[in-house]
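Q: Structure file start.csv, CSV, C-alpha atoms, is pasted below:
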```csv
chain,number,residue,atom,x,y,z
V,765,MET,CA,13.7,-27.8,-26.3
V,766,PRO,CA,12.2,-25.2,-23.8
V,767,LEU,CA,8.5,-24.6,-24.2
V,768,GLN,CA,6.9,-21.3,-25.2
V,769,LYS,CA,5.9,-19.0,-22.4
V,770,GLY,CA,2.3,-17.7,-22.0
V,771,SER,CA,1.4,-14.2,-22.9
V,772,GLU,CA,1.8,-12.8,-19.4
V,773,ASN,CA,4.1,-15.6,-18.2
V,774,CYS,CA,1.7,-16.0,-15.2
V,775,ILE,CA,-0.6,-18.5,-13.7
V,776,THR,CA,-3.5,-16.3,-14.9
V,777,ASP,CA,-2.6,-17.3,-18.5
V,778,VAL,CA,-4.8,-20.3,-17.7
V,779,SER,CA,-8.1,-18.8,-18.6
V,780,GLY,CA,-10.3,-17.9,-15.7
V,781,VAL,CA,-7.7,-18.2,-13.0
V,782,LEU,CA,-7.5,-15.1,-10.6
V,783,VAL,CA,-4.9,-14.0,-8.1
V,784,GLY,CA,-5.4,-11.5,-5.3
V,785,HIS,CA,-3.1,-10.2,-2.5
V,786,LYS,CA,-3.5,-8.5,0.9
V,787,THR,CA,-0.2,-7.1,2.1
V,788,LEU,CA,0.4,-6.0,5.7
V,789,TYR,CA,3.5,-3.9,6.4
V,790,GLU,CA,3.9,-1.7,9.5
V,791,LYS,CA,6.8,-0.8,11.8
V,792,LEU,CA,5.2,-0.8,15.3
V,793,ASN,CA,8.4,0.1,17.3
V,794,ASP,CA,12.1,-0.6,17.3
V,795,ASP,CA,11.5,-4.3,17.8
V,796,GLU,CA,8.2,-5.2,16.3
V,797,THR,CA,7.3,-5.0,12.6
V,798,ILE,CA,4.3,-6.6,10.8
V,799,CYS,CA,5.6,-7.9,7.5
V,800,THR,CA,3.2,-10.5,6.2
V,801,GLY,CA,0.0,-11.0,4.2
V,802,VAL,CA,-2.4,-13.3,2.4
V,803,THR,CA,-2.6,-14.5,-1.2
V,804,ALA,CA,-5.7,-16.0,-2.9
V,805,ILE,CA,-5.8,-18.1,-6.0
V,806,LEU,CA,-9.2,-18.7,-7.5
V,807,PRO,CA,-9.4,-21.5,-10.1
V,808,HIS,CA,-12.3,-19.6,-11.8
V,809,PRO,CA,-14.4,-16.5,-11.2
V,810,ARG,CA,-17.7,-18.4,-10.7
V,811,ASN,CA,-19.1,-20.1,-7.6
V,812,LEU,CA,-16.3,-22.7,-6.7
V,813,PHE,CA,-18.6,-24.6,-4.3
V,814,TYR,CA,-21.1,-25.4,-7.0
V,815,GLU,CA,-18.5,-25.7,-9.8
V,816,LYS,CA,-15.6,-27.6,-8.2
V,817,VAL,CA,-12.4,-28.2,-10.1
V,818,ARG,CA,-10.5,-31.5,-10.3
V,819,ALA,CA,-7.2,-31.5,-8.3
V,820,GLY,CA,-4.3,-33.5,-7.0
V,821,CYS,CA,-1.7,-32.7,-4.4
V,822,HIS,CA,1.8,-34.0,-3.5
V,823,VAL,CA,3.8,-33.6,-0.3
V,824,ILE,CA,7.5,-33.6,-1.1
V,825,ASN,CA,8.5,-33.0,2.5
V,826,GLY,CA,5.8,-32.7,5.1
V,827,TYR,CA,6.9,-30.1,7.6
V,828,GLY,CA,3.9,-27.9,6.9
V,829,LYS,CA,0.7,-26.8,8.6
V,830,THR,CA,-1.8,-26.8,5.7
V,831,SER,CA,-5.5,-27.3,5.8
V,832,GLY,CA,-7.7,-29.2,3.2
V,833,LEU,CA,-5.2,-31.6,1.7
V,834,VAL,CA,-6.8,-34.7,3.1
V,835,GLN,CA,-10.0,-34.1,1.2
V,836,ILE,CA,-8.1,-33.4,-2.0
V,837,GLU,CA,-6.4,-36.8,-1.6
V,838,GLU,CA,-9.8,-38.5,-0.9
V,839,LEU,CA,-12.1,-36.8,-3.5
V,840,GLY,CA,-9.7,-35.1,-6.0
V,841,LEU,CA,-11.7,-31.8,-5.9
V,842,ILE,CA,-11.2,-28.2,-5.0
V,843,GLU,CA,-14.3,-26.2,-3.9
V,844,SER,CA,-12.8,-23.0,-2.4
V,845,PRO,CA,-10.1,-20.4,-3.2
V,846,ILE,CA,-6.6,-21.6,-2.5
V,847,MET,CA,-5.2,-19.4,0.2
V,848,LEU,CA,-1.5,-18.8,1.2
V,849,THR,CA,-0.3,-17.0,4.4
V,850,ASN,CA,2.2,-17.4,7.3
V,851,THR,CA,2.5,-20.4,9.6
V,852,LEU,CA,0.5,-19.0,12.5
V,853,SER,CA,-2.2,-17.6,10.4
V,854,VAL,CA,-3.7,-20.7,8.8
V,855,GLY,CA,-6.6,-20.5,11.4
V,856,PRO,CA,-7.8,-17.0,10.7
V,857,VAL,CA,-7.3,-17.3,7.0
V,858,MET,CA,-9.4,-20.5,7.0
V,859,GLU,CA,-12.0,-18.7,9.1
V,860,GLY,CA,-12.1,-15.7,6.7
V,861,THR,CA,-12.4,-17.9,3.7
V,862,VAL,CA,-15.2,-20.0,5.3
V,863,THR,CA,-17.0,-16.7,6.1
V,864,TYR,CA,-16.7,-15.6,2.4
V,865,MET,CA,-18.0,-18.9,1.2
V,866,LEU,CA,-20.9,-19.0,3.6
V,867,LYS,CA,-22.0,-15.6,2.4
V,868,GLN,CA,-21.8,-16.7,-1.2
V,869,ASN,CA,-23.6,-20.0,-0.5
V,870,LYS,CA,-26.5,-20.0,1.9
V,871,GLU,CA,-26.8,-23.8,1.8
V,872,ILE,CA,-23.3,-24.7,3.1
V,873,GLY,CA,-23.6,-26.2,6.6
V,874,ASP,CA,-27.2,-27.0,6.0
V,875,ALA,CA,-28.8,-28.4,2.8
V,876,ALA,CA,-25.5,-28.6,0.9
V,877,GLY,CA,-23.2,-30.2,3.5
V,878,THR,CA,-19.9,-28.8,4.7
V,879,LEU,CA,-16.9,-27.1,3.0
V,880,ASN,CA,-13.3,-27.9,2.4
V,881,VAL,CA,-11.0,-24.8,2.5
V,882,LEU,CA,-7.4,-25.0,1.3
V,883,VAL,CA,-4.8,-23.0,3.2
V,884,GLY,CA,-1.0,-23.3,2.7
V,885,GLU,CA,1.7,-21.5,4.7
V,886,CYS,CA,5.4,-20.7,5.1
V,887,ASN,CA,7.2,-19.2,8.1
V,888,ASP,CA,8.0,-15.5,7.8
V,889,SER,CA,9.1,-15.0,11.4
V,890,TYR,CA,12.6,-13.8,10.6
V,891,LEU,CA,11.2,-10.5,9.2
V,892,SER,CA,7.7,-10.4,10.6
V,893,SER,CA,6.6,-10.3,14.3
V,894,MET,CA,4.5,-13.4,13.7
V,895,ARG,CA,3.7,-13.9,17.4
V,896,LEU,CA,1.5,-10.8,17.2
V,897,GLN,CA,-0.9,-12.7,14.9
V,898,ALA,CA,-1.6,-9.7,12.8
V,899,ILE,CA,-3.5,-11.6,10.1
V,900,LYS,CA,-7.3,-11.5,10.7
V,901,PRO,CA,-10.2,-13.3,8.9
V,902,ALA,CA,-11.1,-10.0,7.1
V,903,HIS,CA,-7.6,-10.0,5.4
V,904,ALA,CA,-8.4,-13.3,3.8
V,905,ILE,CA,-11.7,-11.9,2.5
V,906,GLU,CA,-9.8,-8.9,1.1
V,907,ALA,CA,-7.3,-11.0,-0.7
V,908,ILE,CA,-10.2,-13.0,-2.4
V,909,GLU,CA,-12.0,-9.8,-3.3
V,910,ASN,CA,-8.8,-8.3,-4.7
V,911,ALA,CA,-8.3,-11.3,-7.1
V,912,LYS,CA,-7.8,-10.3,-10.7
V,913,GLY,CA,-7.3,-12.2,-14.0
V,914,ARG,CA,-4.5,-10.0,-15.3
V,915,SER,CA,-0.8,-10.5,-14.6
V,916,ALA,CA,-0.3,-11.2,-10.9
V,917,GLU,CA,1.8,-9.0,-8.7
V,918,GLN,CA,5.0,-10.8,-7.7
V,919,GLY,CA,7.8,-10.6,-5.1
V,920,ALA,CA,7.3,-9.2,-1.6
V,921,VAL,CA,3.5,-9.0,-1.8
V,922,GLY,CA,0.6,-10.8,-0.1
V,923,ALA,CA,1.7,-14.0,1.6
V,924,GLY,CA,5.2,-13.4,0.2
V,925,LYS,CA,5.8,-10.1,2.1
V,926,GLY,CA,8.0,-11.6,4.8
V,927,MET,CA,9.5,-14.6,3.0
V,928,VAL,CA,13.3,-15.3,2.5
V,929,CYS,CA,14.7,-17.5,-0.3
V,930,PHE,CA,18.4,-18.5,-0.5
V,931,GLY,CA,19.2,-15.8,2.0
V,932,TYR,CA,17.7,-13.1,-0.2
V,933,LYS,CA,14.2,-11.7,-0.4
V,934,GLY,CA,11.7,-14.3,-1.7
V,935,GLY,CA,7.9,-14.4,-1.8
V,936,ILE,CA,5.4,-14.8,-4.6
V,937,GLY,CA,6.5,-15.8,-8.1
V,938,THR,CA,4.7,-17.1,-11.1
V,939,ALA,CA,5.3,-18.3,-14.7
V,940,SER,CA,3.5,-20.3,-17.5
V,941,ARG,CA,4.2,-22.5,-20.4
V,942,ILE,CA,2.2,-23.5,-23.6
V,943,VAL,CA,1.9,-27.1,-24.7
V,944,THR,CA,0.9,-27.9,-28.3
V,945,SER,CA,-0.1,-31.4,-29.3
V,946,ALA,CA,-1.7,-32.2,-32.6
V,947,ASP,CA,-4.4,-29.5,-33.0
V,948,GLU,CA,-4.7,-28.9,-29.3
V,949,LYS,CA,-3.0,-26.2,-27.2
V,950,TYR,CA,-2.9,-26.3,-23.4
V,951,THR,CA,-1.5,-23.8,-20.8
V,952,VAL,CA,0.2,-24.7,-17.6
V,953,GLY,CA,0.8,-22.0,-15.0
V,954,CYS,CA,2.6,-22.1,-11.7
V,955,LEU,CA,2.5,-19.8,-8.6
V,956,VAL,CA,4.9,-20.3,-5.7
V,957,LEU,CA,5.4,-18.9,-2.2
V,958,SER,CA,9.1,-19.3,-1.8
V,959,ASN,CA,10.8,-19.4,1.6
V,960,PHE,CA,13.6,-22.0,1.4
V,961,GLY,CA,17.3,-22.6,0.8
V,962,LYS,CA,20.5,-21.3,2.2
V,963,SER,CA,22.6,-18.9,0.2
V,964,ASP,CA,25.3,-21.6,-0.4
V,965,ASP,CA,22.7,-23.9,-1.8
V,966,ALA,CA,21.8,-21.7,-4.7
V,967,LEU,CA,22.8,-22.8,-8.2
V,968,PHE,CA,22.6,-19.2,-9.5
V,969,THR,CA,26.3,-18.5,-10.1
V,970,SER,CA,25.7,-14.7,-9.8
V,971,PHE,CA,24.7,-15.0,-6.2
V,972,PRO,CA,27.4,-13.9,-3.8
V,973,LYS,CA,27.8,-16.4,-1.0
V,974,LYS,CA,26.7,-15.0,2.4
V,975,LYS,CA,28.7,-15.6,5.5
V,976,LYS,CA,25.6,-15.9,7.6
V,977,ASN,CA,22.3,-17.4,6.5
V,978,PRO,CA,19.3,-15.5,8.0
V,979,ASN,CA,17.0,-18.5,7.8
V,980,ASN,CA,17.0,-20.2,11.2
V,981,THR,CA,14.8,-23.0,9.8
V,982,ASP,CA,15.1,-25.2,6.8
V,983,GLY,CA,12.4,-23.2,5.0
V,984,SER,CA,9.4,-24.1,2.9
V,985,ILE,CA,7.7,-23.6,-0.4
V,986,ILE,CA,4.1,-23.9,-1.6
V,987,MET,CA,3.6,-24.5,-5.4
V,988,ILE,CA,0.3,-24.2,-7.1
V,989,ILE,CA,-0.1,-25.6,-10.6
V,990,ALA,CA,-3.0,-24.6,-12.9
V,991,THR,CA,-3.9,-26.0,-16.3
V,992,ASP,CA,-6.7,-26.0,-18.8
V,993,ALA,CA,-5.7,-29.5,-20.0
V,994,PRO,CA,-8.5,-32.0,-19.5
V,995,LEU,CA,-7.0,-34.1,-16.7
V,996,TYR,CA,-8.5,-35.9,-13.7
V,997,ASP,CA,-7.3,-36.1,-10.1
V,998,ARG,CA,-4.8,-39.0,-10.5
V,999,GLN,CA,-3.2,-37.2,-13.5
V,1000,LEU,CA,-3.1,-33.9,-11.6
V,1001,LYS,CA,-1.3,-35.6,-8.7
V,1002,ARG,CA,1.3,-36.7,-11.3
V,1003,MET,CA,1.6,-33.1,-12.4
V,1004,ALA,CA,2.0,-32.0,-8.7
V,1005,LYS,CA,4.9,-34.5,-8.3
V,1006,ARG,CA,6.8,-32.9,-11.2
V,1007,THR,CA,7.2,-29.6,-9.2
V,1008,ALA,CA,9.9,-31.4,-7.3
V,1009,ALA,CA,12.1,-31.5,-10.4
V,1010,GLY,CA,11.7,-27.7,-11.0
V,1011,LEU,CA,12.4,-27.0,-7.3
V,1012,GLY,CA,15.5,-29.2,-7.4
V,1013,ARG,CA,16.8,-27.3,-10.4
V,1014,THR,CA,17.1,-24.2,-8.2
V,1015,GLY,CA,19.2,-25.9,-5.6
V,1016,SER,CA,16.7,-27.2,-3.0
V,1017,HIS,CA,17.2,-30.7,-1.5
V,1018,PHE,CA,14.1,-30.8,0.6
V,1019,ASP,CA,15.6,-30.4,4.1
V,1020,ASN,CA,14.3,-32.3,7.1
V,1021,GLY,CA,12.3,-29.2,8.4
V,1022,SER,CA,11.1,-28.1,5.1
V,1023,GLY,CA,7.4,-28.0,4.0
V,1024,ASP,CA,7.5,-28.6,0.3
V,1025,ILE,CA,3.9,-29.0,-0.9
V,1026,ALA,CA,2.3,-28.9,-4.4
V,1027,ILE,CA,-1.3,-28.6,-5.5
V,1028,ALA,CA,-2.4,-29.0,-9.1
V,1029,PHE,CA,-5.8,-28.3,-10.6
V,1030,SER,CA,-7.5,-28.3,-14.0
V,1031,THR,CA,-10.1,-25.8,-15.1
V,1032,ALA,CA,-11.5,-28.3,-17.6
V,1033,ASN,CA,-14.2,-30.7,-16.6
V,1034,THR,CA,-15.6,-28.8,-13.7
V,1035,TYR,CA,-17.7,-31.0,-11.3
V,1036,PRO,CA,-21.2,-29.7,-10.4
V,1037,HIS,CA,-22.1,-29.9,-6.7
V,1038,ASN,CA,-25.7,-30.8,-7.6
V,1039,ALA,CA,-26.5,-33.3,-10.3
V,1040,ASN,CA,-29.6,-35.5,-10.8
V,1041,ALA,CA,-27.8,-38.2,-12.9
V,1042,HIS,CA,-26.1,-41.0,-11.0
V,1043,LEU,CA,-23.2,-41.2,-13.5
V,1044,HIS,CA,-20.7,-38.5,-14.3
V,1045,THR,CA,-18.7,-38.7,-17.6
V,1046,ILE,CA,-15.7,-36.7,-18.5
V,1047,ALA,CA,-13.2,-36.7,-21.4
V,1048,ALA,CA,-9.5,-36.8,-20.3
V,1049,LEU,CA,-6.2,-37.1,-21.9
V,1050,ARG,CA,-4.8,-40.6,-22.1
V,1051,ASP,CA,-1.7,-41.1,-20.0
V,1052,ASP,CA,0.3,-42.2,-23.1
V,1053,ASN,CA,-0.7,-39.2,-25.1
V,1054,GLN,CA,2.4,-37.2,-26.2
V,1055,ALA,CA,0.9,-34.1,-24.6
V,1056,MET,CA,1.4,-35.6,-21.1
V,1057,ASN,CA,5.2,-35.5,-21.4
V,1058,GLN,CA,5.0,-31.9,-22.5
V,1059,LEU,CA,2.7,-31.1,-19.6
V,1060,PHE,CA,5.2,-32.6,-17.2
V,1061,GLN,CA,8.0,-30.5,-18.9
V,1062,ALA,CA,5.8,-27.4,-18.6
V,1063,VAL,CA,5.4,-28.0,-14.8
V,1064,VAL,CA,9.1,-28.3,-14.3
V,1065,GLU,CA,10.0,-25.2,-16.4
V,1066,ALA,CA,7.2,-23.1,-14.9
V,1067,THR,CA,8.1,-24.1,-11.3
V,1068,GLU,CA,11.7,-23.3,-11.8
V,1069,GLU,CA,11.0,-19.9,-13.4
V,1070,ALA,CA,8.3,-19.0,-10.8
V,1071,ILE,CA,10.9,-19.5,-8.0
V,1072,ILE,CA,13.4,-17.3,-9.9
V,1073,ASN,CA,10.7,-14.7,-10.4
V,1074,SER,CA,9.8,-14.6,-6.7
V,1075,LEU,CA,13.4,-13.5,-6.2
V,1076,LYS,CA,13.6,-11.3,-9.3
V,1077,TYR,CA,10.6,-9.2,-8.4
V,1078,ALA,CA,11.1,-8.9,-4.7
V,1079,GLU,CA,12.6,-5.8,-3.1
V,1080,THR,CA,15.0,-5.3,-0.2
V,1081,THR,CA,12.8,-5.5,3.0
V,1082,ILE,CA,13.4,-4.3,6.5
V,1083,GLY,CA,11.6,-6.3,9.1
V,1084,GLN,CA,11.4,-6.8,12.9
V,1085,ARG,CA,14.4,-5.7,15.0
V,1086,GLY,CA,15.9,-3.9,12.0
V,1087,ARG,CA,16.6,-7.1,10.2
V,1088,THR,CA,17.2,-6.5,6.5
V,1089,ILE,CA,16.9,-9.0,3.7
V,1090,GLU,CA,18.4,-7.8,0.4
V,1091,LYS,CA,17.0,-8.2,-3.1
V,1092,ALA,CA,18.7,-11.0,-5.0
V,1093,PRO,CA,21.3,-10.0,-7.5
V,1094,LEU,CA,19.3,-11.0,-10.5
```
In structure tokens, write the structure found in this file.

A:
Amino acid sequence: MPLQKGSENCITDVSGVLVGHKTLYEKLNDDETICTGVTAILPHPRNLFYEKVRAGCHVINGYGKTSGLVQIEELGLIESPIMLTNTLSVGPVMEGTVTYMLKQNKEIGDAAGTLNVLVGECNDSYLSSMRLQAIKPAHAIEAIENAKGRSAEQGAVGAGKGMVCFGYKGGIGTASRIVTSADEKYTVGCLVLSNFGKSDDALFTSFPKKKKNPNNTDGSIIMIIATDAPLYDRQLKRMAKRTAAGLGRTGSHFDNGSGDIAIAFSTANTYPHNANAHLHTIAALRDDNQAMNQLFQAVVEATEEAIINSLKYAETTIGQRGRTIEKAPL
């Protein structure tokens, strides 16, 4: 039986989670168009460096240029906003996020050690003149400062402005599900940056098949999972793995050149940067608790719908060289 949707059907249904966008769209001349942006996901509105959240990640197919995943694998913690952008802009977005965090935390790089910033990307070069490197560090800061807790804008916005999915306009999509177990209720939210699939791969029967696929690469997707369930990093990695089932439901088969990457975090059991005690104790769900199966189901359902919503809410977009990507017939 399908699970109940959250009130906004959005990753922000997980209390405290914020989403912000900075969209760049400008036709420079007949050949060049800037059609790109940055999206920021904040696990909570407080100081992320001093109140880290537990996290896990999973690489389904590794054709991606992310930053920060190595430390998630090692320590199971997130200590910065999660940033999304285009392939050639990981550097400036990381720089901007570092600048934002340094301003917020005077001790970073000195008394408090260094910082691990998370940046994920997809290739928007079919629509956007990506070689112009229009994204600057200040745009990352704007995306963070634009972050709100209400229902997130979807479609061709932020990092999703120039993305293509199944030959139609893709981008940012989000969805959520509610899990009820005994007297406890948990929320699972998903936000995706969709940029994958050929039109003849899509399982949506309403999609007309295109004679020419505009994607000249295999495409990619970044999937962010948030939950308020009390899970720790190993369990969150298990959650991240389940995004593959939701992605597969839409018709993806994880092509050779595809970057299919998932990050999952929990807003429960935050981890303080500074603590005097040498032991840290948390309460976490048992793996054999019935709620775990429902949490896995929630990830699959929310991932699938978030991808569909990235298509549903996007609009027909004209990019560089007059290239036009149509809105999906949803």

Q: Using all atoms listed in the file, determine which residues lie at most 10 Å from Glu837 in chain V, disregarding the query and same-chain residues fewer than 2 positions distant; provide the list as a list in words.

A: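 Here the qualifying residues turn out to be Ala819, Gly820, Cys821, His822, Gly832, Leu833, Val834, Gln835, Leu839, Gly840, Leu841, Asp997, Arg998 and Lys1001 of chain V.
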
Q: As an exercise, work out the distance from CA of Asp1024 in chain V to CA of Ala916 in chain V in Å and give it to one decimal place.

A: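 Going from CA of Asp1024 in chain V over to CA of Ala916 in chain V covers 22.1 Å.
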
Q: By how many Å are CA of Ser779 in chain V and CA of Ala923 in chain V apart?

A: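 Interatomic distance, CA of Ser779 in chain V to CA of Ala923 in chain V: 23.0 Å.
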
Q: Of the residues V:Asp794, V:Glu871, V:Glu885, V:Glu838, which is the one nearest to Met987 in chain V, using all atoms listed in the file?

A: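 Comparing V:Asp794, V:Glu871, V:Glu885, V:Glu838 against Met987 in chain V, the winner is V:Glu885.
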
Q: CA of Leu866 in chain V and CA of Pro901 in chain V are how many Å apart?

A: 13.2 Å

Q: Which of these, V:Asp874, V:Glu815, V:Asp795, V:Glu859, has the shortest distance to Ser831 in chain V once you count only C-alpha atoms?

A: V:Glu859

Q: Which residue out of V:Leu955, V:Ala898, V:Leu848, V:Val823 has the minimum interatomic distance to Ile1072 in chain V when only C-alpha atoms are used?

A: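 Result for the nearest residue to Ile1072 in chain V: V:Leu955.
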
Q: Pick out the closest residue to Tyr950 in chain V from this set: V:Val783, V:Ala920, V:Leu1043, V:Met1056. Count all atoms listed in the file.

A: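 Residue with the minimum atom-to-atom distance to Tyr950 in chain V: V:Met1056.
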
Q: Which residue gives the smallest distance to Asp964 in chain V among V:Val817, V:Ile936, V:Cys929, V:Leu767, with all atoms listed in the file counted?

A: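 Among the listed residues, the smallest separation from Asp964 in chain V belongs to V:Cys929.
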
Q: What's the 12 Å shell around Arg895 in chain V, counting all atoms listed in the file, without same-chain residues fewer than 3 positions away, as a ChimeraX atom specification?

A: /V:796-800,850-853,887-892,898-899,1084

Q: Find the residue from V:Glu1065, V:Glu843, V:Asp982, V:Asp777 that sits nearest to Met765 in chain V; use all atoms listed in the file when measuring.

A: V:Glu1065

Q: Excluding His903 in chain V and its own-chain neighbours fewer than 4 positions away, which residues fall within 7 Å of it when counting all atoms listed in the file? Please give them as a PyMOL selection string.

A: chain V and resi 786+802+899+907

Q: Can you pull out the residues contacting Pro1036 in chain V? Cut-off 10 Å, using all atoms listed in the file, and skip same-chain residues under 6 positions away; I want them as a list in words.

A: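 Surrounding residues, per the criterion: Leu812, Phe813, Tyr814, Glu815, Lys816, Val817 and His1044 of chain V.
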
Q: Could you please give me, as a list in words, the residues of protein, DNA or RNA lying at most 6 Å from (2.3, -7.2, 4.8) in the coordinate frame of the file, considering all atoms listed in the file?

A: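 Checking each residue against the 6 Å limit leaves Thr787, Leu788, Tyr789, Cys799, Thr800, Gly801 and Lys925 of chain V.
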
Q: List every protein, DNA or RNA residue with an atom no more than 6 Å from (11.0, -15.7, 3.0) in the file's coordinates, counting all atoms listed in the file, and format the result as a ChimeraX atom specification.

A: /V:888,926-929,934-935,959

Q: Kindly save the residues from that selection, with C-alpha atoms included, as a compact mmCIF listing (two decimals), keeping the file's coordinate frame.

A:
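selection17.txt, freshly written:
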```txt
# COMPACT_ATOMS: atom_id res chain seq x y z
CA ASP V 888 8.00 -15.50 7.80
CA GLY V 926 8.00 -11.60 4.80
CA MET V 927 9.50 -14.60 3.00
CA VAL V 928 13.30 -15.30 2.50
CA CYS V 929 14.70 -17.50 -0.30
CA GLY V 934 11.70 -14.30 -1.70
CA GLY V 935 7.90 -14.40 -1.80
CA ASN V 959 10.80 -19.40 1.60
```

Q: Find the spatial neighbours of range 1030-1035 of chain V, counting all atoms listed in the file, within a cut-off of 8 Å - ignore same-chain residues fewer than 3 positions away - and output them as a VMD selection string.

A: chain V and resid 780 807 to 808 814 to 819 990 to 996 1000 1046 to 1047
